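Some notes on the structure that comes next.
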Amino acid sequence: MSAGIGAATFVGLHVLWWRCSASNNPRIGLLFVLAIIGVAVSFTVGILVCEIVDEARWALLWIDVLLVVLYFFLYAGIVRSVSLTLLTHLRQGGHQSLELQSIIDEYSTSSRFEDRIRLMHESGFVKVSGEFVILTKKGRLLAQSAKGMSRLLGTVLEG
């Protein structure tokens with residue numbers, strides 16, 4: 001019960017913050033702080049209301065961590081998904097066909113590309129110089145690591 005209340009607090013605060021201050025930036029730091037608040041609420045309810053014993057507190061902590069990690073994956077998968085964004089766009093067309101080039105044109109002008117480039121620049125993976133984007137040493141290392149991981153898994157990078 002207390003884990004559910006903590007998770008509901010975390011998700012509720014995140015949705016409230018998102019509705020009041022929408023942004024294309026994923027704001028992982030903010031999510032982390034809200035997750036800590038949710039876990040604190042969970043522990044407070046668990047200790048004060050449910051009177052859980054010391055051993056059960058560890059179980060509660062791991063349940064809370066599991067719920068937070070699942071939410072992070074869900075958030076990243078739904079809100080930040082290129083595929084779901086495109087599917088939503090196609091759904092807006094109703095039962096009519098949409099011209100492929102119009103979808104490509106609209107998506108390529110989307111702020112998501114600029115947001116991604118800005119985030120990669122802020123993280124030091126790329127350098128933006130005028131109209132050019134240059135891969136940094138750090139970015140090259142990450143790209144090589146991702147490519148190596150995809151080879152190890154026997155797949156190709158998509159996204």
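Naming works like this for the structure tokens: A, B, ... for the chains as they're shown, residue 1 at the start of each chain, ligands 1 onward in shown order.
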
Please provide as a tab-separated table (two decimals) with N, CA and C atoms, in the first residue's frame all residues within 12 Å of Val11 in chain A, with the sequence filter that same-chain residues fewer than 3 positions apart are discarded (counting only C-alpha atoms).
```
chain	number	residue	atom	x	y	z
A	4	GLY	N	2.55	1.96	-3.31
A	4	GLY	CA	1.60	2.52	-4.27
A	4	GLY	C	1.35	4.00	-4.03
A	5	ILE	N	1.25	4.38	-2.78
A	5	ILE	CA	1.03	5.79	-2.45
A	5	ILE	C	2.27	6.61	-2.83
A	6	GLY	N	3.45	6.08	-2.56
A	6	GLY	CA	4.68	6.78	-2.94
A	6	GLY	C	4.80	6.91	-4.44
A	7	ALA	N	4.49	5.83	-5.17
A	7	ALA	CA	4.55	5.87	-6.64
A	7	ALA	C	3.53	6.86	-7.20
A	8	ALA	N	2.33	6.85	-6.63
A	8	ALA	CA	1.29	7.78	-7.09
A	8	ALA	C	1.71	9.23	-6.82
A	14	HIS	N	5.09	14.55	-11.03
A	14	HIS	CA	5.70	14.67	-12.35
A	14	HIS	C	4.68	15.19	-13.38
A	15	VAL	N	3.50	14.63	-13.39
A	15	VAL	CA	2.48	15.08	-14.33
A	15	VAL	C	2.09	16.52	-14.05
A	16	LEU	N	1.93	16.88	-12.79
A	16	LEU	CA	1.60	18.26	-12.42
A	16	LEU	C	2.69	19.22	-12.89
A	17	TRP	N	3.95	18.87	-12.63
A	17	TRP	CA	5.07	19.72	-13.05
A	17	TRP	C	5.10	19.84	-14.57
A	18	TRP	N	4.88	18.72	-15.25
A	18	TRP	CA	4.91	18.68	-16.70
A	18	TRP	C	3.80	19.56	-17.29
A	31	LEU	N	13.26	14.55	-12.46
A	31	LEU	CA	12.63	13.25	-12.23
A	31	LEU	C	13.25	12.54	-11.03
A	32	PHE	N	14.57	12.63	-10.92
A	32	PHE	CA	15.27	12.00	-9.80
A	32	PHE	C	14.81	12.60	-8.47
A	33	VAL	N	14.71	13.92	-8.40
A	33	VAL	CA	14.26	14.59	-7.18
A	33	VAL	C	12.82	14.18	-6.85
A	34	LEU	N	11.95	14.15	-7.86
A	34	LEU	CA	10.56	13.75	-7.63
A	34	LEU	C	10.49	12.28	-7.19
A	35	ALA	N	11.37	11.44	-7.73
A	35	ALA	CA	11.41	10.04	-7.32
A	35	ALA	C	11.81	9.92	-5.84
A	36	ILE	N	12.76	10.71	-5.42
A	36	ILE	CA	13.17	10.70	-4.00
A	36	ILE	C	12.01	11.13	-3.11
A	37	ILE	N	11.26	12.14	-3.55
A	37	ILE	CA	10.08	12.57	-2.78
A	37	ILE	C	9.07	11.44	-2.69
A	38	GLY	N	8.83	10.73	-3.82
A	38	GLY	CA	7.90	9.60	-3.82
A	38	GLY	C	8.35	8.49	-2.88
A	39	VAL	N	9.63	8.18	-2.88
A	39	VAL	CA	10.16	7.14	-1.98
A	39	VAL	C	10.03	7.58	-0.53
A	67	LEU	N	9.61	0.42	-9.08
A	67	LEU	CA	8.55	1.26	-9.64
A	67	LEU	C	9.12	2.51	-10.30
A	68	VAL	N	10.13	3.11	-9.70
A	68	VAL	CA	10.75	4.31	-10.28
A	68	VAL	C	11.45	3.96	-11.60
A	70	LEU	N	10.83	1.44	-13.61
A	70	LEU	CA	9.79	1.14	-14.60
A	70	LEU	C	9.18	2.42	-15.16
A	71	TYR	N	8.94	3.39	-14.30
A	71	TYR	CA	8.37	4.66	-14.75
A	71	TYR	C	9.34	5.39	-15.67
A	72	PHE	N	10.63	5.39	-15.33
A	72	PHE	CA	11.62	6.04	-16.18
A	72	PHE	C	11.61	5.41	-17.58
A	74	LEU	N	9.09	3.74	-18.96
A	74	LEU	CA	7.81	4.07	-19.56
A	74	LEU	C	7.81	5.50	-20.09
A	75	TYR	N	8.31	6.42	-19.29
A	75	TYR	CA	8.38	7.83	-19.69
A	75	TYR	C	9.24	7.99	-20.94
```

| said: Ranking A:Leu30, A:Ala3, A:Cys20, A:Leu135 by minimum distance to Leu66 in chain A and counting only C-alpha atoms, which one comes first? | reply: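 The closest residue to Leu66 in chain A is A:Ala3.
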
| said: Can you pull out the residues contacting Lys137 in chain A? Cut-off 10 Å, using only C-alpha atoms, and skip same-chain residues under 5 positions away; I want them as a VMD selection string. | reply: chain A and resid 124 to 126 142 to 143

Generate the output file for the selected residues, C-alpha atoms, as a PDB file, in the first residue's frame.
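Generated output (selection.pdb):
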```
ATOM      1  CA  GLY A 124      29.947  17.249 -24.736  1.00  0.00           C
ATOM      2  CA  PHE A 125      29.173  14.632 -27.397  1.00  0.00           C
ATOM      3  CA  VAL A 126      29.054  17.091 -30.303  1.00  0.00           C
ATOM      4  CA  LEU A 142      30.178   6.691 -27.123  1.00  0.00           C
ATOM      5  CA  ALA A 143      29.219   6.023 -30.765  1.00  0.00           C
TER       6      ALA A 143
END
```
